[in-house]
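Structure file data14.txt (compact mmCIF, C-alpha atoms and all ligand atoms) follows.
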```
# COMPACT_ATOMS: atom_id res chain seq x y z
CA MET O 1 16.93 8.71 0.93
CA PRO O 2 17.53 7.08 4.33
CA TYR O 3 14.48 5.38 5.76
CA SER O 4 13.93 5.47 9.50
CA ASP O 5 14.32 2.26 11.49
CA LYS O 6 10.56 2.11 12.02
CA VAL O 7 9.86 2.39 8.29
CA LEU O 8 12.37 -0.37 7.57
CA GLU O 9 10.92 -2.53 10.31
CA HIS O 10 7.39 -2.30 8.85
CA TYR O 11 8.74 -2.63 5.33
CA ASN O 12 10.57 -5.83 6.20
CA ASN O 13 7.74 -7.23 8.36
CA PRO O 14 4.54 -5.69 7.04
CA ARG O 15 1.53 -6.39 9.28
CA ASN O 16 -1.84 -7.53 7.99
CA VAL O 17 -1.01 -7.88 4.30
CA GLY O 18 -3.87 -9.37 2.31
CA SER O 19 -7.49 -8.75 1.58
CA PHE O 20 -11.05 -9.54 2.64
CA ASP O 21 -13.99 -10.30 0.37
CA ALA O 22 -15.01 -6.80 -0.74
CA LYS O 23 -18.63 -7.97 -1.13
CA ASP O 24 -18.92 -8.80 2.58
CA GLU O 25 -21.31 -6.27 4.17
CA THR O 26 -19.11 -6.03 7.27
CA VAL O 27 -16.07 -5.11 5.17
CA GLY O 28 -15.16 -1.61 4.04
CA THR O 29 -12.70 -1.17 1.19
CA GLY O 30 -10.68 1.94 0.44
CA LEU O 31 -8.65 2.20 -2.74
CA VAL O 32 -6.63 5.36 -3.23
CA GLY O 33 -3.81 6.55 -5.43
CA ALA O 34 -1.17 9.21 -4.96
CA PRO O 35 -0.98 11.62 -7.88
CA GLU O 36 2.55 12.57 -6.74
CA CYS O 37 4.05 9.22 -7.64
CA GLY O 38 1.34 6.86 -8.92
CA ASP O 39 1.47 4.59 -5.88
CA VAL O 40 -1.74 2.75 -5.02
CA MET O 41 -2.99 1.60 -1.63
CA LYS O 42 -5.88 -0.72 -0.83
CA LEU O 43 -6.98 -0.83 2.78
CA GLN O 44 -9.84 -2.88 4.20
CA ILE O 45 -11.56 -2.98 7.57
CA LYS O 46 -13.76 -5.71 8.99
CA VAL O 47 -16.28 -4.27 11.41
CA ASN O 48 -18.56 -5.81 14.01
CA PRO O 49 -21.85 -4.13 12.97
CA THR O 50 -23.30 -4.46 16.48
CA THR O 51 -20.48 -2.75 18.35
CA GLY O 52 -19.00 -0.66 15.54
CA VAL O 53 -15.56 -1.97 16.48
CA ILE O 54 -13.01 -2.70 13.76
CA GLU O 55 -12.06 -6.29 14.44
CA ASP O 56 -9.52 -6.75 11.67
CA ALA O 57 -7.76 -4.85 8.91
CA ARG O 58 -5.79 -5.70 5.78
CA PHE O 59 -3.81 -3.81 3.19
CA LYS O 60 -2.11 -4.17 -0.15
CA THR O 61 0.12 -1.34 -1.26
CA PHE O 62 1.92 -0.99 -4.54
CA GLY O 63 4.31 1.73 -3.61
CA CYS O 64 7.36 2.98 -1.84
CA GLY O 65 8.67 1.80 1.52
CA SER O 66 7.04 4.70 3.34
CA ALA O 67 3.65 3.94 1.81
CA ILE O 68 3.95 0.28 2.80
CA ALA O 69 5.04 1.22 6.32
CA SER O 70 2.24 3.81 6.62
CA SER O 71 -0.43 1.30 5.62
CA SER O 72 1.04 -1.44 7.80
CA LEU O 73 1.00 0.93 10.79
CA ALA O 74 -2.54 2.05 9.91
CA THR O 75 -3.85 -1.52 10.04
CA GLU O 76 -2.28 -1.96 13.47
CA TRP O 77 -3.85 1.24 14.76
CA LEU O 78 -7.26 0.42 13.27
CA LYS O 79 -7.74 -2.89 15.05
CA GLY O 80 -9.79 -2.50 18.20
CA LYS O 81 -10.90 1.05 17.42
CA THR O 82 -14.49 2.01 16.75
CA VAL O 83 -15.25 3.42 13.32
CA ASP O 84 -15.64 6.87 14.89
CA GLU O 85 -12.26 6.61 16.64
CA ALA O 86 -10.66 5.47 13.39
CA LEU O 87 -11.85 8.66 11.69
CA ASP O 88 -9.61 10.58 14.10
CA ILE O 89 -6.41 8.94 12.85
CA LYS O 90 -4.37 11.71 11.24
CA ASN O 91 -1.57 11.40 8.73
CA THR O 92 0.51 13.65 10.99
CA GLN O 93 0.44 10.91 13.65
CA ILE O 94 1.81 8.47 11.09
CA VAL O 95 4.50 10.96 10.05
CA GLU O 96 5.51 11.32 13.68
CA GLU O 97 5.50 7.61 14.48
CA LEU O 98 7.53 6.68 11.39
CA ALA O 99 9.70 9.83 11.35
CA LEU O 100 8.84 10.43 7.69
CA PRO O 101 10.80 13.17 5.91
CA PRO O 102 8.90 15.97 4.12
CA VAL O 103 9.07 14.35 0.67
CA LYS O 104 7.35 11.26 2.13
CA VAL O 105 4.50 13.05 3.91
CA HIS O 106 2.14 12.29 1.02
CA CYS O 107 2.68 8.55 1.68
CA SER O 108 1.03 9.04 5.08
CA VAL O 109 -1.74 11.12 3.49
CA LEU O 110 -2.41 8.13 1.27
CA ALA O 111 -2.91 5.99 4.40
CA GLU O 112 -5.28 8.50 6.01
CA ASP O 113 -7.24 8.78 2.76
CA ALA O 114 -7.42 4.98 2.50
CA ILE O 115 -8.77 4.72 6.07
CA LYS O 116 -11.44 7.34 5.36
CA ALA O 117 -12.38 5.68 2.06
CA ALA O 118 -12.69 2.25 3.73
CA ILE O 119 -14.92 3.67 6.47
CA GLN O 120 -17.08 5.50 3.97
CA ASN O 121 -17.50 2.30 1.96
CA TYR O 122 -18.44 0.37 5.10
CA GLN O 123 -20.98 3.01 6.15
CA GLN O 124 -22.59 3.05 2.70
CA LYS O 125 -23.03 -0.71 2.92
CA GLN O 126 -24.55 -0.46 6.40
CA ASP O 127 -26.96 2.23 5.19
CA ALA O 128 -28.03 -0.13 2.42
CA VAL O 129 -28.52 -2.95 4.94
CA GLU O 130 -30.68 -0.71 7.14
CA ALA O 131 -32.75 0.44 4.19
CA ARG O 132 -33.40 -3.18 3.34
CA GLU O 133 -34.14 -4.34 6.89
CA PRO O 134 -35.69 -1.48 8.85
CA ALA O 135 -34.93 -1.81 12.57
CA ALA O 136 -37.85 -2.99 14.67
CA VAL O 137 -39.52 -0.20 16.62
FE1 LIG Y 201 8.48 5.20 -6.10
FE2 LIG Y 201 6.41 5.72 -4.51
S1 LIG Y 201 7.67 7.07 -5.52
S2 LIG Y 201 7.15 3.86 -5.22
FE1 LIG Y 202 4.38 8.13 -3.17
FE2 LIG Y 202 5.38 7.02 -1.06
S1 LIG Y 202 3.34 6.98 -1.68
S2 LIG Y 202 6.44 8.04 -2.61
```
As structure tokens, please, write out the structure in this file.
Amino acid sequence: MPYSDKVLEHYNNPRNVGSFDAKDETVGTGLVGAPECGDVMKLQIKVNPTTGVIEDARFKTFGCGSAIASSSLATEWLKGKTVDEALDIKNTQIVEELALPPVKVHCSVLAEDAIKAAIQNYQQKQDAVEAREPAAV
């Protein structure tokens, strides 16, 4: 299967590989797997709780070139976005940007699911913080 130049470029120079401390309250962690092939993607965001802006992102993907490229691209797109803006990232945008063929569409779905899971994890942590420290009225 020929990979597009953009997939190869991300595959050869993946951006933002690594991880943050998952216990950090400003970090959201998403861990998702693709039933189609067994690939696994971990994606993390580091959020400024005051502004809601994603200041940094990391990923680790055990999977095919398209999954690695999709998560690498996702981390690039996440940085500088608010959490709400990040929820609007669609796998179809990743498919378009990377010119993924139909059999590799699920690799981009994995990235969208990982983004959503990371945001959900971050929001759960923030809810817990607020419950512990009620905002002054
Ligand atoms: Fe082989 Fe995804 S199908 S790594
Ligand atoms: Fe399964 Fe890419 S994530 S083949």
**Message:** So that I can see what lies close to region 97-104 of chain O, please list as a list in words the residues with an atom at most 9 Å from it, counting all atoms listed in the file and leaving out residues fewer than 4 positions away in the same chain.
**Reply:**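 My reading of the contact set: Tyr3, Ser4, Asp5, Lys6, Val7, Ser66, Ala67, Ala69, Ser70, Leu73, Thr92, Gln93 and Ser108 of chain O.
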**Request:** Using CA of Asp88 (chain O) and atom FE2 of ligand LIG 202 (chain Y) as the two end points, give the distance in Å to one decimal.
**Result:**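 That distance, rounded to one decimal, is 21.6 Å.
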**Request:** Could you give me, as a PyMOL selection string, every polymer residue with an atom at most 9 Å away from an atom of ligand LIG 201 (chain Y), counting all atoms listed in the file?
**Result:** chain O and resi 34+36-40+62-67+104+107
**Between CA of Glu96 (chain O) and CA of Asn13 (chain O) - distance in Å to one decimal** =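 Spanning CA of Asn13 (chain O) to CA of Glu96 (chain O) is a straight-line distance of 19.4 Å.
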**Request:** Neighbourhood query: residues within 10 Å of (-4.3, -7.1, 1.9), file coordinates, counting only C-alpha atoms; return as a PyMOL selection string.
**Result:** chain O and resi 15-20+41-44+57-61+71-72+75
**Item:** Among listed residues O:Ile68, O:Gln123, O:Ala114, O:Gly80, nearest ligand LIG 202 (chain Y) (using all atoms listed in the file)
**Value:**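 Checking each candidate against ligand LIG 202 (chain Y), we get O:Ile68 as the closest.
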**Request:** In Å, rounded to a single decimal, give me how far CA of Pro35 (chain O) is from CA of Ile115 (chain O).
**Result:** 17.4 Å
Thr26 (chain O) environment, 8 Å, all atoms listed in the file, sequence neighbours closer than 2 positions dropped, as a PDB file with C-alpha atoms, in the frame of the given file:
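For reference, result_13.pdb as written:
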```
ATOM      1  CA  ASP O  24     -18.920  -8.800   2.580  1.00  0.00           C
ATOM      2  CA  GLY O  28     -15.160  -1.610   4.040  1.00  0.00           C
ATOM      3  CA  LYS O  46     -13.760  -5.710   8.990  1.00  0.00           C
ATOM      4  CA  VAL O  47     -16.280  -4.270  11.410  1.00  0.00           C
ATOM      5  CA  ASN O  48     -18.560  -5.810  14.010  1.00  0.00           C
ATOM      6  CA  PRO O  49     -21.850  -4.130  12.970  1.00  0.00           C
ATOM      7  CA  TYR O 122     -18.440   0.370   5.100  1.00  0.00           C
ATOM      8  CA  LYS O 125     -23.030  -0.710   2.920  1.00  0.00           C
ATOM      9  CA  GLN O 126     -24.550  -0.460   6.400  1.00  0.00           C
TER      10      GLN O 126
END
```
